[in-house]
file protein_20.pdb (PDB, C-alpha atoms and all ligand atoms)
ATOM      1  CA  MET I   2       0.000   0.000   0.000  1.00  0.00           C
ATOM      2  CA  SER I   3       1.170   3.549  -0.596  1.00  0.00           C
ATOM      3  CA  LEU I   4       0.482   6.909   0.952  1.00  0.00           C
ATOM      4  CA  LEU I   5      -0.438   9.332  -1.784  1.00  0.00           C
ATOM      5  CA  PRO I   6      -0.505  13.132  -1.763  1.00  0.00           C
ATOM      6  CA  ILE I   7      -3.996  14.648  -1.447  1.00  0.00           C
ATOM      7  CA  VAL I   8      -5.022  17.227  -4.057  1.00  0.00           C
ATOM      8  CA  THR I   9      -6.210  20.463  -2.400  1.00  0.00           C
ATOM      9  CA  LEU I  10      -7.520  23.865  -3.411  1.00  0.00           C
ATOM     10  CA  PRO I  11      -6.632  25.904  -5.386  1.00  0.00           C
ATOM     11  CA  ASP I  12      -6.261  22.931  -7.816  1.00  0.00           C
ATOM     12  CA  GLU I  13      -9.796  23.159  -9.203  1.00  0.00           C
ATOM     13  CA  LYS I  14      -8.553  21.813 -12.546  1.00  0.00           C
ATOM     14  CA  THR I  15      -8.309  18.409 -10.868  1.00  0.00           C
ATOM     15  CA  LEU I  16     -11.051  18.708  -8.243  1.00  0.00           C
ATOM     16  CA  ARG I  17     -13.687  19.918 -10.740  1.00  0.00           C
ATOM     17  CA  GLN I  18     -13.226  16.919 -13.081  1.00  0.00           C
ATOM     18  CA  GLN I  19     -16.040  14.435 -13.713  1.00  0.00           C
ATOM     19  CA  SER I  20     -14.893  10.984 -12.638  1.00  0.00           C
ATOM     20  CA  GLN I  21     -15.633   8.017 -14.942  1.00  0.00           C
ATOM     21  CA  PRO I  22     -17.261   4.710 -13.920  1.00  0.00           C
ATOM     22  CA  VAL I  23     -15.015   1.666 -13.578  1.00  0.00           C
ATOM     23  CA  ALA I  24     -15.744  -1.082 -16.126  1.00  0.00           C
ATOM     24  CA  SER I  25     -15.082  -3.772 -13.544  1.00  0.00           C
ATOM     25  CA  VAL I  26     -13.672  -4.230 -10.057  1.00  0.00           C
ATOM     26  CA  ASP I  27     -10.262  -5.746 -10.784  1.00  0.00           C
ATOM     27  CA  ALA I  28      -6.905  -5.984  -9.008  1.00  0.00           C
ATOM     28  CA  ASP I  29      -6.052  -2.481 -10.205  1.00  0.00           C
ATOM     29  CA  VAL I  30      -9.193  -1.018  -8.610  1.00  0.00           C
ATOM     30  CA  ARG I  31      -8.579  -2.920  -5.364  1.00  0.00           C
ATOM     31  CA  ARG I  32      -4.991  -1.601  -5.203  1.00  0.00           C
ATOM     32  CA  LEU I  33      -6.273   1.928  -5.718  1.00  0.00           C
ATOM     33  CA  TRP I  34      -8.874   1.457  -2.923  1.00  0.00           C
ATOM     34  CA  ASP I  35      -6.123   0.196  -0.582  1.00  0.00           C
ATOM     35  CA  ASP I  36      -3.900   3.195  -1.339  1.00  0.00           C
ATOM     36  CA  MET I  37      -6.872   5.531  -0.833  1.00  0.00           C
ATOM     37  CA  LEU I  38      -7.692   3.874   2.501  1.00  0.00           C
ATOM     38  CA  GLU I  39      -4.121   4.190   3.781  1.00  0.00           C
ATOM     39  CA  THR I  40      -4.026   7.828   2.649  1.00  0.00           C
ATOM     40  CA  MET I  41      -7.393   8.512   4.330  1.00  0.00           C
ATOM     41  CA  TYR I  42      -6.400   6.892   7.663  1.00  0.00           C
ATOM     42  CA  HIS I  43      -3.123   8.791   7.661  1.00  0.00           C
ATOM     43  CA  ALA I  44      -4.715  12.214   6.963  1.00  0.00           C
ATOM     44  CA  PRO I  45      -6.828  11.434   9.075  1.00  0.00           C
ATOM     45  CA  GLY I  46     -10.256  11.530   7.462  1.00  0.00           C
ATOM     46  CA  ILE I  47     -13.490   9.522   7.385  1.00  0.00           C
ATOM     47  CA  GLY I  48     -13.888   9.400   3.602  1.00  0.00           C
ATOM     48  CA  LEU I  49     -11.895   9.818   0.398  1.00  0.00           C
ATOM     49  CA  ALA I  50     -12.805   9.954  -3.294  1.00  0.00           C
ATOM     50  CA  ALA I  51     -10.295   8.823  -5.949  1.00  0.00           C
ATOM     51  CA  ILE I  52     -10.142  12.299  -7.511  1.00  0.00           C
ATOM     52  CA  GLN I  53      -8.636  13.559  -4.232  1.00  0.00           C
ATOM     53  CA  ILE I  54      -5.524  11.574  -5.135  1.00  0.00           C
ATOM     54  CA  GLY I  55      -5.822  12.753  -8.734  1.00  0.00           C
ATOM     55  CA  VAL I  56      -7.562   9.693 -10.220  1.00  0.00           C
ATOM     56  CA  PRO I  57     -10.836  10.512 -12.051  1.00  0.00           C
ATOM     57  CA  ARG I  58     -12.609   7.188 -11.434  1.00  0.00           C
ATOM     58  CA  ARG I  59     -15.892   6.652  -9.570  1.00  0.00           C
ATOM     59  CA  LEU I  60     -14.344   5.062  -6.463  1.00  0.00           C
ATOM     60  CA  LEU I  61     -14.523   5.998  -2.817  1.00  0.00           C
ATOM     61  CA  VAL I  62     -13.661   4.682   0.628  1.00  0.00           C
ATOM     62  CA  ILE I  63     -15.307   5.510   3.948  1.00  0.00           C
ATOM     63  CA  ASP I  64     -14.573   4.467   7.527  1.00  0.00           C
ATOM     64  CA  LEU I  65     -16.472   6.168  10.326  1.00  0.00           C
ATOM     65  CA  ALA I  66     -14.700   4.235  13.117  1.00  0.00           C
ATOM     66  CA  LYS I  67     -13.350   6.519  15.826  1.00  0.00           C
ATOM     67  CA  ASP I  68      -9.807   6.391  17.257  1.00  0.00           C
ATOM     68  CA  GLY I  69      -9.326   3.102  19.083  1.00  0.00           C
ATOM     69  CA  GLU I  70     -12.404   1.478  17.538  1.00  0.00           C
ATOM     70  CA  GLU I  71     -12.075  -1.436  15.165  1.00  0.00           C
ATOM     71  CA  ARG I  72     -11.653  -0.268  11.567  1.00  0.00           C
ATOM     72  CA  LYS I  73     -14.656  -0.915   9.304  1.00  0.00           C
ATOM     73  CA  PRO I  74     -13.764   0.238   5.794  1.00  0.00           C
ATOM     74  CA  LEU I  75     -16.513   0.567   3.177  1.00  0.00           C
ATOM     75  CA  PHE I  76     -15.318   0.211  -0.448  1.00  0.00           C
ATOM     76  CA  VAL I  77     -17.635   1.728  -3.053  1.00  0.00           C
ATOM     77  CA  ALA I  78     -17.451   1.738  -6.867  1.00  0.00           C
ATOM     78  CA  ASN I  79     -19.895   3.423  -9.291  1.00  0.00           C
ATOM     79  CA  PRO I  80     -22.278   4.679  -6.588  1.00  0.00           C
ATOM     80  CA  GLU I  81     -25.783   5.832  -7.497  1.00  0.00           C
ATOM     81  CA  ILE I  82     -28.209   7.466  -5.091  1.00  0.00           C
ATOM     82  CA  THR I  83     -31.536   5.777  -5.868  1.00  0.00           C
ATOM     83  CA  TRP I  84     -33.582   7.617  -3.224  1.00  0.00           C
ATOM     84  CA  ALA I  85     -33.088  10.595  -0.933  1.00  0.00           C
ATOM     85  CA  SER I  86     -35.362  11.565   1.959  1.00  0.00           C
ATOM     86  CA  GLN I  87     -37.349  14.807   1.951  1.00  0.00           C
ATOM     87  CA  THR I  88     -36.117  15.408   5.492  1.00  0.00           C
ATOM     88  CA  ALA I  89     -32.817  17.237   5.642  1.00  0.00           C
ATOM     89  CA  ASN I  90     -29.934  17.133   8.077  1.00  0.00           C
ATOM     90  CA  ASP I  91     -27.322  19.811   8.909  1.00  0.00           C
ATOM     91  CA  TYR I  92     -23.766  18.752   9.510  1.00  0.00           C
ATOM     92  CA  GLU I  93     -20.564  20.747   9.975  1.00  0.00           C
ATOM     93  CA  GLU I  94     -18.466  19.447   7.088  1.00  0.00           C
ATOM     94  CA  GLY I  95     -14.786  19.568   6.346  1.00  0.00           C
ATOM     95  CA  CYS I  96     -12.777  18.243   3.408  1.00  0.00           C
ATOM     96  CA  LEU I  97      -9.226  16.963   3.113  1.00  0.00           C
ATOM     97  CA  SER I  98      -9.008  18.943  -0.146  1.00  0.00           C
ATOM     98  CA  ILE I  99      -9.913  22.180   1.715  1.00  0.00           C
ATOM     99  CA  PRO I 100      -7.777  21.893   4.873  1.00  0.00           C
ATOM    100  CA  GLU I 101      -8.862  23.662   8.059  1.00  0.00           C
ATOM    101  CA  PHE I 102     -12.164  25.017   6.695  1.00  0.00           C
ATOM    102  CA  TYR I 103     -15.481  23.902   8.195  1.00  0.00           C
ATOM    103  CA  GLU I 104     -19.048  24.996   7.479  1.00  0.00           C
ATOM    104  CA  MET I 105     -22.591  23.726   8.048  1.00  0.00           C
ATOM    105  CA  VAL I 106     -24.084  21.954   5.037  1.00  0.00           C
ATOM    106  CA  THR I 107     -27.719  20.865   4.609  1.00  0.00           C
ATOM    107  CA  ARG I 108     -28.324  17.593   2.758  1.00  0.00           C
ATOM    108  CA  PRO I 109     -30.999  14.857   2.662  1.00  0.00           C
ATOM    109  CA  ALA I 110     -30.916  13.036   6.021  1.00  0.00           C
ATOM    110  CA  GLU I 111     -31.282   9.523   4.517  1.00  0.00           C
ATOM    111  CA  ILE I 112     -30.369   7.952   1.199  1.00  0.00           C
ATOM    112  CA  ARG I 113     -30.480   4.614  -0.578  1.00  0.00           C
ATOM    113  CA  LEU I 114     -27.375   3.765  -2.560  1.00  0.00           C
ATOM    114  CA  ARG I 115     -26.604   1.265  -5.316  1.00  0.00           C
ATOM    115  CA  TYR I 116     -22.919   0.452  -5.844  1.00  0.00           C
ATOM    116  CA  LEU I 117     -20.387  -2.292  -6.557  1.00  0.00           C
ATOM    117  CA  ASP I 118     -18.611  -3.752  -3.544  1.00  0.00           C
ATOM    118  CA  ARG I 119     -15.018  -4.994  -3.133  1.00  0.00           C
ATOM    119  CA  GLU I 120     -15.918  -8.207  -5.025  1.00  0.00           C
ATOM    120  CA  GLY I 121     -17.616  -6.304  -7.830  1.00  0.00           C
ATOM    121  CA  GLU I 122     -21.048  -7.458  -6.632  1.00  0.00           C
ATOM    122  CA  PRO I 123     -23.954  -5.025  -6.928  1.00  0.00           C
ATOM    123  CA  ARG I 124     -25.205  -3.958  -3.497  1.00  0.00           C
ATOM    124  CA  GLU I 125     -27.729  -1.612  -1.965  1.00  0.00           C
ATOM    125  CA  LEU I 126     -27.469   0.165   1.339  1.00  0.00           C
ATOM    126  CA  HIS I 127     -29.611   2.540   3.341  1.00  0.00           C
ATOM    127  CA  ALA I 128     -27.724   5.261   5.165  1.00  0.00           C
ATOM    128  CA  ASN I 129     -28.580   7.947   7.692  1.00  0.00           C
ATOM    129  CA  GLY I 130     -26.626  10.208  10.036  1.00  0.00           C
ATOM    130  CA  LEU I 131     -22.944  10.802   9.354  1.00  0.00           C
ATOM    131  CA  LEU I 132     -22.756   7.925   6.838  1.00  0.00           C
ATOM    132  CA  ALA I 133     -25.460   9.529   4.657  1.00  0.00           C
ATOM    133  CA  THR I 134     -23.677  12.896   4.855  1.00  0.00           C
ATOM    134  CA  CYS I 135     -20.274  11.420   4.081  1.00  0.00           C
ATOM    135  CA  LEU I 136     -21.542   9.322   1.129  1.00  0.00           C
ATOM    136  CA  GLN I 137     -23.156  12.413  -0.415  1.00  0.00           C
ATOM    137  CA  HIS I 138     -19.962  14.440   0.173  1.00  0.00           C
ATOM    138  CA  GLU I 139     -17.867  11.753  -1.580  1.00  0.00           C
ATOM    139  CA  ILE I 140     -20.315  11.297  -4.478  1.00  0.00           C
ATOM    140  CA  ASP I 141     -20.219  15.069  -4.973  1.00  0.00           C
ATOM    141  CA  HIS I 142     -16.425  14.750  -5.434  1.00  0.00           C
ATOM    142  CA  LEU I 143     -17.012  12.207  -8.243  1.00  0.00           C
ATOM    143  CA  ASN I 144     -19.064  14.907  -9.991  1.00  0.00           C
ATOM    144  CA  GLY I 145     -16.532  17.693  -9.441  1.00  0.00           C
ATOM    145  CA  VAL I 146     -18.628  19.200  -6.648  1.00  0.00           C
ATOM    146  CA  LEU I 147     -17.111  20.406  -3.353  1.00  0.00           C
ATOM    147  CA  PHE I 148     -18.953  21.006  -0.071  1.00  0.00           C
ATOM    148  CA  ILE I 149     -18.270  24.737  -0.433  1.00  0.00           C
ATOM    149  CA  ASP I 150     -20.662  24.648  -3.432  1.00  0.00           C
ATOM    150  CA  HIS I 151     -23.444  24.135  -0.852  1.00  0.00           C
ATOM    151  CA  ILE I 152     -22.612  27.269   1.200  1.00  0.00           C
ATOM    152  CA  SER I 153     -22.981  30.986   0.415  1.00  0.00           C
ATOM    153  CA  ARG I 154     -21.165  32.374  -2.615  1.00  0.00           C
ATOM    154  CA  MET I 155     -19.429  34.924  -0.410  1.00  0.00           C
ATOM    155  CA  LYS I 156     -17.946  32.260   1.877  1.00  0.00           C
ATOM    156  CA  ARG I 157     -17.043  30.047  -1.087  1.00  0.00           C
ATOM    157  CA  GLU I 158     -15.247  32.788  -2.992  1.00  0.00           C
ATOM    158  CA  ARG I 159     -13.429  33.869   0.156  1.00  0.00           C
ATOM    159  CA  VAL I 160     -12.039  30.385   0.863  1.00  0.00           C
ATOM    160  CA  ILE I 161     -11.013  29.802  -2.789  1.00  0.00           C
ATOM    161  CA  LYS I 162      -9.197  33.176  -2.786  1.00  0.00           C
ATOM    162  CA  LYS I 163      -7.445  32.281   0.460  1.00  0.00           C
ATOM    163  CA  PHE I 164      -5.987  29.127  -1.110  1.00  0.00           C
ATOM    164  CA  GLN I 165      -5.035  30.943  -4.348  1.00  0.00           C
ATOM    165  CA  LYS I 166      -3.199  33.568  -2.320  1.00  0.00           C
ATOM    166  CA  ALA I 167      -1.460  30.980  -0.125  1.00  0.00           C
ATOM    167  CA  GLN I 168      -0.179  29.215  -3.251  1.00  0.00           C
ATOM    168  CA  LYS I 169       1.127  32.472  -4.756  1.00  0.00           C
ATOM    169  CA  LEU I 170       2.978  33.169  -1.510  1.00  0.00           C
ATOM    170  CA  GLY I 171       4.489  29.681  -1.701  1.00  0.00           C
ATOM    171  CA  LYS I 172       2.647  28.552   1.417  1.00  0.00           C
ATOM    172  CA  LEU I 173       0.989  25.483  -0.141  1.00  0.00           C
TER     173      LEU I 173
HETATM  174  O1  LIG I 201     -12.746  13.565   6.871  1.00  0.00           O
HETATM  175  C1  LIG I 201     -13.780  14.094   6.472  1.00  0.00           C
HETATM  176  N1  LIG I 201     -14.718  14.478   7.373  1.00  0.00           N
HETATM  177  C2  LIG I 201     -15.998  14.889   7.009  1.00  0.00           C
HETATM  178  C3  LIG I 201     -16.772  15.503   7.993  1.00  0.00           C
HETATM  179  C4  LIG I 201     -18.055  15.906   7.701  1.00  0.00           C
HETATM  180  C5  LIG I 201     -18.569  15.690   6.441  1.00  0.00           C
HETATM  181  C6  LIG I 201     -17.805  15.101   5.460  1.00  0.00           C
HETATM  182  C7  LIG I 201     -16.524  14.687   5.742  1.00  0.00           C
HETATM  183  S1  LIG I 201     -15.581  13.905   4.528  1.00  0.00           S
HETATM  184  C8  LIG I 201     -13.972  14.359   5.019  1.00  0.00           C
HETATM  185  C9  LIG I 201     -12.922  13.691   4.158  1.00  0.00           C
HETATM  186  C10 LIG I 201     -13.064  14.179   2.749  1.00  0.00           C
HETATM  187  O2  LIG I 201     -12.684  15.241   2.350  1.00  0.00           O
HETATM  188  N2  LIG I 201     -13.664  13.372   1.906  1.00  0.00           N
HETATM  189  O3  LIG I 201     -13.867  13.761   0.636  1.00  0.00           O
HETATM  190 NI    NI I 202     -13.950  15.940   0.667  1.00  0.00          NI
END
call {"tool": "encode", "arguments": {"input": "protein_20.pdb", "output": "structure tokens"}}
result
Amino acid sequence: MSLLPIVTLPDEKTLRQQSQPVASVDADVRRLWDDMLETMYHAPGIGLAAIQIGVPRRLLVIDLAKDGEERKPLFVANPEITWASQTANDYEEGCLSIPEFYEMVTRPAEIRLRYLDREGEPRELHANGLLATCLQHEIDHLNGVLFIDHISRMKRERVIKKFQKAQKLGKL
């Protein structure tokens, strides 16, 4: 397994890409998932989409286990939200691609998801709470969408500018 660098703002050229479905879950995909998982645990984070390590494929990993709890990784390929609840949920989100910035985001509280698992088998799951939030955050990444796209334009433009300026000053 390898630790890979995480793509951050201001690199919107990468982060705004549309990721492409995988044709099948093969050894190559499983290696990528393992590298993503190691990178996510190291960060540390609770989710990671392939585009965050620069790979535009529809793959993500999630593990909500807290420090000291047993790890429970979820490997997801080609996810599709088949249902979202009318009821919404607010959660203070962060993103490894936007370090040290946190804002409240409103999303559907519950979703149903279709995806391919680690064996390439089609699966369905029903998620609520933090898992529902995190899955939607990661699926957004696969579509070039960042959580700051769900907050006010003023806050979004301010944080993008902050990262552009930091890069110009050589601080990224
Ligand atoms: O580690 C992460 N924490 C988090 C907290 C609230 C909502 C979403 C997330 S996902 C984030 C890791 C990340 O950037 N995944 O794309
Ligand atoms: Ni993110």
call {"tool": "closest_residue", "arguments": {"input": "protein_20.pdb", "among": "I:Asp36, I:Asp141, I:Glu120, I:Asp12", "to": "Ala78 of chain I", "atoms": "all atoms listed in the file"}}
result
I:Glu120
call {"tool": "resolve_selection", "arguments": {"input": "protein_20.pdb", "expression": "the PyMOL selection byres (((not hetatm)) within 8 of (chain I and resi 201))", "output": "number ranges by chain"}}
result
I: 41, 45-50, 53, 92-99, 131, 134-135, 138-139, 142
call {"tool": "closest_residue", "arguments": {"input": "protein_20.pdb", "among": "I:Pro6, I:Ala133, I:Glu104, I:Glu39", "to": "Arg72 of chain I", "atoms": "all atoms listed in the file"}}
result
I:Glu39
call {"tool": "atom_distance", "arguments": {"input": "protein_20.pdb", "atom1": "atom CA of Phe164 of chain I", "atom2": "atom CA of Asn144 of chain I"}}
result
21.3 Å
call {"tool": "closest_residue", "arguments": {"input": "protein_20.pdb", "among": "I:Ser3, I:Gln165, I:Gln21, I:Ser86", "to": "Gly130 of chain I", "atoms": "all atoms listed in the file"}}
result
I:Ser86
call {"tool": "atom_distance", "arguments": {"input": "protein_20.pdb", "atom1": "atom CA of Leu65 of chain I", "atom2": "atom CA of Phe102 of chain I"}}
result
19.7 Å
call {"tool": "residues_near_point", "arguments": {"input": "protein_20.pdb", "point": "(-26.2, 1.1, 0.0)", "cutoff": "6 Å", "atoms": "only C-alpha atoms", "output": "list of chain:residue names"}}
result
I:Arg113, I:Leu114, I:Arg115, I:Glu125, I:Leu126, I:His127
call {"tool": "resolve_selection", "arguments": {"input": "protein_20.pdb", "expression": "the PyMOL selection byres (((chain I and resi 15) around 10) and not hetatm)", "output": "CSV table (one decimal) with C-alpha atoms, in the coordinates of the input"}}
result
chain,number,residue,atom,x,y,z
I,8,VAL,CA,-5.0,17.2,-4.1
I,9,THR,CA,-6.2,20.5,-2.4
I,10,LEU,CA,-7.5,23.9,-3.4
I,11,PRO,CA,-6.6,25.9,-5.4
I,12,ASP,CA,-6.3,22.9,-7.8
I,13,GLU,CA,-9.8,23.2,-9.2
I,14,LYS,CA,-8.6,21.8,-12.5
I,16,LEU,CA,-11.1,18.7,-8.2
I,17,ARG,CA,-13.7,19.9,-10.7
I,18,GLN,CA,-13.2,16.9,-13.1
I,19,GLN,CA,-16.0,14.4,-13.7
I,52,ILE,CA,-10.1,12.3,-7.5
I,53,GLN,CA,-8.6,13.6,-4.2
I,54,ILE,CA,-5.5,11.6,-5.1
I,55,GLY,CA,-5.8,12.8,-8.7
I,56,VAL,CA,-7.6,9.7,-10.2
I,57,PRO,CA,-10.8,10.5,-12.1
I,145,GLY,CA,-16.5,17.7,-9.4
call {"tool": "residues_around", "arguments": {"input": "protein_20.pdb", "residues": "Lys156 of chain I", "least_positions_apart": "6", "cutoff": "12 Å", "atoms": "only C-alpha atoms", "output": "list in words"}}
result
Phe102, Tyr103, Glu104, Met105, Phe148, Ile149, Asp150, Lys162 and Lys163 of chain I
call {"tool": "closest_residue", "arguments": {"input": "protein_20.pdb", "among": "I:Ala44, I:Arg154, I:Gly171, I:Pro80", "to": "ligand NI 202 (chain I)", "atoms": "all atoms listed in the file"}}
result
I:Ala44
call {"tool": "atom_distance", "arguments": {"input": "protein_20.pdb", "atom1": "atom CA of Val160 of chain I", "atom2": "atom NI of ligand NI 202 (chain I)"}}
result
14.6 Å
call {"tool": "axis_aligned_box", "arguments": {"input": "protein_20.pdb", "around": "segment 113-129 of chain I", "padding_each_side": "3 Å", "output": "lines of an AutoDock Vina configuration file"}}
result
center_x = -22.7
center_y = -0.1
center_z = -0.1
size_x = 21.5
size_y = 22.2
size_z = 21.5
call {"tool": "resolve_selection", "arguments": {"input": "protein_20.pdb", "expression": "the PyMOL selection byres (((chain I and resi 121) around 10) and not hetatm)", "output": "count of residues only"}}
result
16
call {"tool": "closest_residue", "arguments": {"input": "protein_20.pdb", "among": "I:Ala28, I:Ile112, I:Ala51, I:Met155", "to": "ligand NI 202 (chain I)", "atoms": "only C-alpha atoms and all ligand atoms"}}
result
I:Ala51
call {"tool": "closest_residue", "arguments": {"input": "protein_20.pdb", "among": "I:Leu173, I:Val23, I:Leu61, I:Ile152", "to": "Pro74 of chain I", "atoms": "all atoms listed in the file"}}
result
I:Leu61
call {"tool": "residues_around", "arguments": {"input": "protein_20.pdb", "residues": "Met2 of chain I", "least_positions_apart": "3", "cutoff": "10 Å", "atoms": "only C-alpha atoms", "output": "MDAnalysis selection string"}}
result
chainID I and resid 5 32:40
call {"tool": "build_atoms", "arguments": {"input": "protein_20.pdb", "residues": "segment 42-64 of chain I", "atoms": "N, CA and C atoms", "output": "tab-separated table (two decimals), keeping the file's coordinate frame"}}
result
chain	number	residue	atom	x	y	z
I	42	TYR	N	-6.71	7.14	6.24
I	42	TYR	CA	-6.40	6.89	7.66
I	42	TYR	C	-5.27	7.79	8.14
I	43	HIS	N	-4.29	7.99	7.28
I	43	HIS	CA	-3.12	8.79	7.66
I	43	HIS	C	-3.46	10.26	7.82
I	44	ALA	N	-4.45	10.76	7.04
I	44	ALA	CA	-4.72	12.21	6.96
I	44	ALA	C	-4.94	12.90	8.32
I	45	PRO	N	-5.83	12.47	9.23
I	45	PRO	CA	-6.83	11.43	9.07
I	45	PRO	C	-8.16	12.01	8.58
I	46	GLY	N	-8.93	11.14	7.92
I	46	GLY	CA	-10.26	11.53	7.46
I	46	GLY	C	-11.20	10.35	7.56
I	47	ILE	N	-12.49	10.60	7.31
I	47	ILE	CA	-13.49	9.52	7.38
I	47	ILE	C	-13.96	9.08	6.01
I	48	GLY	N	-13.50	9.77	4.96
I	48	GLY	CA	-13.89	9.40	3.60
I	48	GLY	C	-12.86	9.94	2.62
I	49	LEU	N	-12.80	9.31	1.44
I	49	LEU	CA	-11.90	9.82	0.40
I	49	LEU	C	-12.41	9.35	-0.96
I	50	ALA	N	-12.44	10.28	-1.91
I	50	ALA	CA	-12.80	9.95	-3.29
I	50	ALA	C	-11.52	9.89	-4.12
I	51	ALA	N	-11.52	9.04	-5.16
I	51	ALA	CA	-10.30	8.82	-5.95
I	51	ALA	C	-9.74	10.13	-6.53
I	52	ILE	N	-10.62	11.04	-6.90
I	52	ILE	CA	-10.14	12.30	-7.51
I	52	ILE	C	-9.27	13.09	-6.53
I	53	GLN	N	-9.45	12.85	-5.23
I	53	GLN	CA	-8.64	13.56	-4.23
I	53	GLN	C	-7.18	13.09	-4.23
I	54	ILE	N	-6.92	11.95	-4.90
I	54	ILE	CA	-5.52	11.57	-5.14
I	54	ILE	C	-5.22	11.68	-6.64
I	55	GLY	N	-6.08	12.42	-7.34
I	55	GLY	CA	-5.82	12.75	-8.73
I	55	GLY	C	-6.30	11.73	-9.75
I	56	VAL	N	-7.10	10.76	-9.32
I	56	VAL	CA	-7.56	9.69	-10.22
I	56	VAL	C	-9.07	9.86	-10.50
I	57	PRO	N	-9.44	10.20	-11.75
I	57	PRO	CA	-10.84	10.51	-12.05
I	57	PRO	C	-11.71	9.28	-12.31
I	58	ARG	N	-11.77	8.38	-11.33
I	58	ARG	CA	-12.61	7.19	-11.43
I	58	ARG	C	-13.63	7.20	-10.30
I	59	ARG	N	-14.80	6.56	-10.54
I	59	ARG	CA	-15.89	6.65	-9.57
I	59	ARG	C	-15.69	5.63	-8.45
I	60	LEU	N	-14.73	5.92	-7.58
I	60	LEU	CA	-14.34	5.06	-6.46
I	60	LEU	C	-14.24	5.89	-5.19
I	61	LEU	N	-14.70	5.32	-4.09
I	61	LEU	CA	-14.52	6.00	-2.82
I	61	LEU	C	-14.35	4.99	-1.69
I	62	VAL	N	-13.79	5.47	-0.60
I	62	VAL	CA	-13.66	4.68	0.63
I	62	VAL	C	-14.20	5.52	1.78
I	63	ILE	N	-14.79	4.84	2.75
I	63	ILE	CA	-15.31	5.51	3.95
I	63	ILE	C	-15.02	4.60	5.13
I	64	ASP	N	-14.63	5.20	6.26
I	64	ASP	CA	-14.57	4.47	7.53
I	64	ASP	C	-14.89	5.46	8.63
